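Enquirer: Here you go, this is protein-v6.cif (mmCIF, C-alpha atoms).
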data_final
#
loop_
_atom_site.label_atom_id
_atom_site.label_comp_id
_atom_site.auth_asym_id
_atom_site.auth_seq_id
_atom_site.Cartn_x
_atom_site.Cartn_y
_atom_site.Cartn_z
CA VAL A 1 152.73 113.88 45.45
CA TYR A 2 154.85 115.66 48.01
CA LEU A 3 158.09 115.55 50.01
CA LYS A 4 158.12 114.86 53.73
CA GLN A 5 161.43 114.74 55.56
CA GLY A 6 163.24 114.24 52.24
CA HIS A 7 161.09 111.35 50.98
CA VAL A 8 158.40 111.10 48.29
CA PHE A 9 154.80 110.40 49.31
CA VAL A 10 151.56 110.05 47.36
CA SER A 11 148.09 110.48 48.78
CA ARG A 12 145.66 109.08 46.19
CA LEU A 13 142.19 110.53 45.71
CA SER A 14 139.65 107.69 45.67
CA GLY A 15 135.88 108.18 45.81
CA GLY A 16 136.39 111.86 46.56
CA VAL A 17 138.50 111.11 49.66
CA PHE A 18 142.27 111.37 50.00
CA GLN A 19 143.77 108.05 51.06
CA PRO A 20 146.56 107.63 53.64
CA PRO A 21 150.00 108.65 52.32
CA GLU A 22 152.13 105.98 50.65
CA ARG A 23 155.91 106.33 50.56
CA ILE A 24 157.12 105.95 46.98
CA ASP A 25 160.91 106.03 47.51
CA SER A 26 161.05 103.51 50.36
CA SER A 27 163.97 101.62 48.79
CA PHE A 28 166.22 104.69 49.28
CA SER A 29 167.69 105.82 52.58
CA GLY A 30 169.00 109.11 51.16
CA PRO A 31 166.80 112.11 50.43
CA SER A 32 164.77 112.50 47.26
CA SER A 33 163.71 115.74 45.57
CA GLN A 34 161.66 117.27 42.77
CA PRO A 35 158.73 114.78 42.70
CA VAL A 36 156.23 115.05 39.82
CA ILE A 37 153.08 113.04 39.13
CA ALA A 38 150.74 112.25 36.25
CA ALA A 39 147.45 110.39 36.48
CA GLY A 40 145.56 108.51 33.79
CA ASN A 41 142.38 106.57 33.21
CA GLY A 42 141.73 103.52 35.39
CA GLY A 43 143.84 104.80 38.26
CA VAL A 44 147.18 104.78 36.44
CA LEU A 45 149.75 106.87 38.34
CA LEU A 46 153.26 107.79 37.24
CA VAL A 47 155.63 109.40 39.72
CA ALA A 48 159.13 110.63 38.92
CA PHE A 49 161.71 112.07 41.29
CA ILE A 50 165.42 112.65 41.76
CA ASN A 51 167.51 110.67 44.25
CA GLY A 52 171.29 110.91 44.35
CA GLY A 53 171.27 112.79 41.03
CA THR A 54 169.42 109.99 39.23
CA LEU A 55 165.94 110.33 37.76
CA TYR A 56 163.66 107.52 38.91
CA ALA A 57 160.12 106.59 37.85
CA VAL A 58 157.48 104.57 39.67
CA ASP A 59 154.22 103.50 38.08
CA ARG A 60 150.97 102.12 39.37
CA PRO A 61 149.25 100.49 36.39
CA GLY A 62 145.76 100.69 37.92
CA SER A 63 143.87 101.60 41.07
CA ALA A 64 143.96 98.01 42.37
CA GLY A 65 147.58 97.18 41.50
CA PRO A 66 150.79 97.77 43.42
CA TYR A 67 153.43 100.36 42.61
CA VAL A 68 156.16 99.14 40.24
CA GLY A 69 159.69 100.49 40.53
CA PRO A 70 161.54 102.65 41.16
CA ILE A 71 163.24 102.36 37.80
CA GLY A 72 166.40 104.41 37.22
CA LEU A 73 165.98 106.32 33.97
CA PHE A 74 168.91 108.73 33.81
CA SER A 75 171.93 109.58 35.95
CA GLY A 76 172.81 113.26 36.26
CA ALA A 77 169.23 114.54 35.94
CA GLN A 78 167.22 117.37 37.45
CA ASN A 79 164.07 119.45 36.83
CA PRO A 80 161.62 116.69 35.79
CA ALA A 81 158.20 117.47 34.30
CA ILE A 82 155.61 114.84 33.41
CA ALA A 83 152.31 114.62 31.51
CA MET A 84 150.03 111.76 30.45
CA THR A 85 147.43 111.36 27.70
CA ASN A 86 144.00 109.77 28.09
CA PHE A 87 145.39 106.76 26.21
CA GLY A 88 148.02 105.83 28.81
CA LYS A 89 150.98 107.36 26.97
CA ALA A 90 153.19 109.68 29.00
CA TYR A 91 156.17 111.93 28.49
CA LEU A 92 158.80 112.93 31.01
CA ALA A 93 161.07 115.88 30.23
CA PHE A 94 164.14 116.68 32.32
CA THR A 95 167.46 118.49 32.38
CA ALA A 96 170.53 116.27 31.95
CA ASP A 97 174.09 116.99 33.01
CA ALA A 98 176.14 117.04 29.79
CA GLY A 99 179.54 117.81 31.27
CA PRO A 100 181.26 120.71 33.00
CA SER A 101 178.66 123.51 33.32
CA SER A 102 176.69 122.18 30.36
CA TYR A 103 173.10 120.88 30.37
CA ASP A 104 170.76 119.30 27.84
CA VAL A 105 167.00 118.81 27.73
CA ARG A 106 166.02 115.16 27.37
CA ALA A 107 162.74 113.25 27.22
CA ALA A 108 161.46 109.78 28.08
CA TYR A 109 158.32 108.04 26.82
CA TYR A 110 156.03 105.68 28.76
CA TYR A 111 153.55 103.21 27.30
CA LEU A 112 152.13 99.91 28.56
CA GLY A 113 154.42 99.79 31.59
CA ASN A 114 157.65 100.52 29.71
CA TRP A 115 159.90 103.58 29.65
CA SER A 116 162.09 104.51 26.66
CA LEU A 117 164.59 107.37 26.44
CA GLU A 118 164.77 109.80 23.57
CA PRO A 119 168.10 108.88 21.89
CA THR A 120 169.44 112.45 21.63
CA PRO A 121 169.02 115.75 23.50
CA LEU A 122 166.24 118.08 22.38
CA ASN A 123 168.43 121.22 22.47
CA ALA A 124 168.02 123.59 19.52
CA VAL A 125 171.81 124.03 19.41
CA ALA A 126 173.86 121.11 20.73
CA ALA A 127 176.50 123.30 22.39
CA ASP A 128 173.97 125.53 24.22
CA ASN A 129 173.20 125.25 27.90
CA ALA A 130 169.52 124.23 28.08
CA GLY A 131 166.84 123.56 30.68
CA THR A 132 168.35 125.28 33.72
CA GLY A 133 167.06 127.90 36.16
CA ALA A 134 163.91 129.65 34.92
CA GLY A 135 164.37 127.72 31.64
CA ARG A 136 163.60 124.34 33.20
CA PRO A 137 161.57 122.09 30.89
CA ALA A 138 157.78 121.87 30.91
CA ILE A 139 155.75 119.27 29.05
CA ALA A 140 152.20 118.67 27.86
CA ALA A 141 150.70 115.51 26.40
CA ALA A 142 148.14 116.03 23.65
CA GLY A 143 145.06 113.90 23.10
CA ASP A 144 146.59 112.43 19.93
CA GLY A 145 149.51 110.94 21.90
CA VAL A 146 152.07 113.62 21.01
CA GLY A 147 154.20 115.29 23.69
CA ILE A 148 155.18 118.96 23.55
CA VAL A 149 158.34 119.97 25.42
CA VAL A 150 159.16 123.64 26.12
CA TRP A 151 162.39 124.93 27.69
CA GLY A 152 164.75 127.86 27.92
CA GLU A 153 168.07 127.80 26.07
CA ASP A 154 170.65 130.57 25.69
CA GLY A 155 168.08 133.29 26.51
CA HIS A 156 165.41 131.93 24.15
CA ILE A 157 162.36 129.71 24.55
CA TYR A 158 162.12 126.59 22.39
CA SER A 159 159.53 123.87 21.90
CA ARG A 160 159.57 120.51 20.17
CA ARG A 161 157.01 117.82 19.59
CA VAL A 162 157.89 114.24 20.44
CA TRP A 163 156.14 111.07 19.22
CA GLY A 164 157.27 108.18 21.33
CA THR A 165 161.04 108.56 21.20
CA ALA A 166 161.18 110.55 17.93
CA ALA A 167 161.47 114.34 18.09
CA SER A 168 160.44 116.96 15.54
CA VAL A 169 163.23 118.77 13.72
#
If you convert what's in this file into structure tokens, what do you get?

Expert:
Amino acid sequence: VYLKQGHVFVSRLSGGVFQPPERIDSSFSGPSSQPVIAAGNGGVLLVAFINGGTLYAVDRPGSAGPYVGPIGLFSGAQNPAIAMTNFGKAYLAFTADAGPSSYDVRAAYYYLGNWSLEPTPLNAVAADNAGTGAGRPAIAAAGDGVGIVVWGEDGHIYSRRVWGTAASV
């Protein structure tokens, strides 16, 4: 996945050969930014990006199917990170605008073509500014279907596990 002239493109690898680029954000005239991609078994592709301050996701459920989306997941988002398990479950972490000069770390969960948002921010301390600058979120998806989100907050590094849309304490 990459940006070209402000738009998101994917060049799939099939049979050891990169395919011609496909524009993922073709329904938007304005520029997109911060594209991320995750790939799964059977040719599943998930692409997330920011356009107009909103986090969007596009999925391709298999190598033979068309792209589905873009689906708006969260307004006021930045710094997305995405990871997928071998079982088709995926997690998307991002920084969310929480008001004047305040940011939260949030997560979304993907399974069987559906996205769900974590109901509350993942911040260790609700009032802290989280997930900005060098502290932008990163995410990994474990083989057991659990997501692990790591981010910077108030000069510290935090991590939390997420199962679907439930976070560890």

Enquirer: Between A:Ala130, A:Met84, A:Ala167, A:Val105, which has the minimum distance to A:Ala142 (counting all atoms listed in the file)?

Expert: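 Between A:Ala130, A:Met84, A:Ala167, A:Val105, the residue approaching A:Ala142 most closely is A:Met84.
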
Enquirer: Tell me, counting all atoms listed in the file, for each residue of stretch 45-106 of chain A within 6 Å of stretch 15-38 of chain A, which pair of atoms is nearest and how far apart they are in Å to one decimal, in rows ordered by chain and increasing number, as JSON lines.

Expert:
{"residue": "A:Leu45", "atom": "CA", "partner": "A:Ala38", "partner_atom": "CA", "distance": 5.9}
{"residue": "A:Leu46", "atom": "CA", "partner": "A:Ala38", "partner_atom": "CA", "distance": 5.2}
{"residue": "A:Val47", "atom": "CA", "partner": "A:Ile37", "partner_atom": "CA", "distance": 4.5}
{"residue": "A:Ala48", "atom": "CA", "partner": "A:Val36", "partner_atom": "CA", "distance": 5.4}
{"residue": "A:Phe49", "atom": "CA", "partner": "A:Pro35", "partner_atom": "CA", "distance": 4.3}
{"residue": "A:Ile50", "atom": "CA", "partner": "A:Ser33", "partner_atom": "CA", "distance": 5.2}
{"residue": "A:Asn51", "atom": "CA", "partner": "A:Ser32", "partner_atom": "CA", "distance": 4.5}
{"residue": "A:Ala83", "atom": "CA", "partner": "A:Ala38", "partner_atom": "CA", "distance": 5.5}
{"residue": "A:Met84", "atom": "CA", "partner": "A:Ala38", "partner_atom": "CA", "distance": 5.9}

Enquirer: Expressed in Å to a single decimal, how great is the separation between atom CA of A:Gln78 and atom CA of A:Ala96?

Expert: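 A separation of 6.5 Å between them.
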
Enquirer: Evaluate the PyMOL selection byres ((chain A and resi 54-62) around 7) against this structure - the residues, as a list in words, please.

Expert: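 For this structure, the PyMOL selection byres ((chain A and resi 54-62) around 7) resolves to Gly42, Gly43, Val44, Leu45, Leu46, Val47, Ala48, Phe49, Ile50, Asn51, Gly52, Gly53, Ser63, Ala64, Gly65, Pro66, Tyr67, Val68, Gly69, Pro70, Ile71, Gly72, Leu73, Phe74, Ser75, Gly76 and Ala77 of chain A.
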
Enquirer: Please, what distance in Å, to one decimal, runs between atom CA of A:Ser11 and atom CA of A:Gly143?

Expert: 26.1 Å

Enquirer: Mind working out the centre and edge lengths of an axis-aligned box for stretch 60-78 of chain A, all listed atoms inside, 8 Å added to each side, rounded to one decimal in Å and written as AutoDock Vina command-line options?

Expert:
--center_x 158.3 --center_y 107.3 --center_z 38.6 --size_x 44.9 --size_y 36.2 --size_z 25.6

Enquirer: Place a sphere of radius 7 Å on (159.2, 117.1, 19.8) in the file coordinates and name every protein, DNA or RNA residue with an atom inside or on its surface, counting only C-alpha atoms; give the answer as a ChimeraX atom specification.

Expert: /A:147-149,160-163,167-168

Enquirer: Applied to the shown file, which residues does the PyMOL selection byres ((chain A and resi 152) around 8) return, written as a compact mmCIF listing (two decimals) with C-alpha atoms, in the coordinates of the input?

Expert:
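Here's the written file out34.txt:
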# COMPACT_ATOMS: atom_id res chain seq x y z
CA ALA A 130 169.52 124.23 28.08
CA GLY A 131 166.84 123.56 30.68
CA THR A 132 168.35 125.28 33.72
CA ALA A 134 163.91 129.65 34.92
CA GLY A 135 164.37 127.72 31.64
CA ARG A 136 163.60 124.34 33.20
CA PRO A 137 161.57 122.09 30.89
CA VAL A 150 159.16 123.64 26.12
CA TRP A 151 162.39 124.93 27.69
CA GLU A 153 168.07 127.80 26.07
CA ASP A 154 170.65 130.57 25.69
CA GLY A 155 168.08 133.29 26.51
CA HIS A 156 165.41 131.93 24.15
CA ILE A 157 162.36 129.71 24.55
CA TYR A 158 162.12 126.59 22.39

Enquirer: Can you work out which one of A:Gly88, A:Gly40, A:Gly6, A:Pro121 has the shortest atom-to-atom distance to A:Ala108, counting all atoms listed in the file?

Expert: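 Nearest to A:Ala108: A:Pro121.
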
Enquirer: Quick one: distance from atom CA of A:Leu122 to atom CA of A:Ala107 in Å, one decimal?

Expert: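 Computing it gives 7.7 Å between the two atoms.
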
Enquirer: Choose the residue, out of A:Gly164, A:Ala127, A:Ile139, A:His7, that has the smallest atom-to-atom separation from A:Ala98; count all atoms listed in the file.

Expert: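 Among A:Gly164, A:Ala127, A:Ile139, A:His7, it is A:Ala127 that comes nearest to A:Ala98.
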
Enquirer: Smallest atom-to-atom distance to A:Asp128: which of A:Ser159, A:Thr165, A:Asn114, A:Ser102, using all atoms listed in the file?

Expert: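 With all atoms listed in the file as the atom set, the closest residue is A:Ser102.
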
Enquirer: Show me the residues close to (160.2, 113.1, 34.2) - anything with an atom within 6 Å, counting all atoms listed in the file - and format the list as an NGL selection string.

Expert: :A and (48 or 80-82 or 92-94)

Enquirer: Nearest to A:Tyr103: which of A:Ala138, A:Leu117, A:Val125, A:Val10 is it, counting only C-alpha atoms?

Expert: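 The closest residue to A:Tyr103 is A:Val125.
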
Enquirer: Given the choices A:Gly145, A:Pro119, A:Pro100, A:Gly133, which gets closest to A:Phe87 if the distance is worked out from only C-alpha atoms?

Expert: A:Gly145
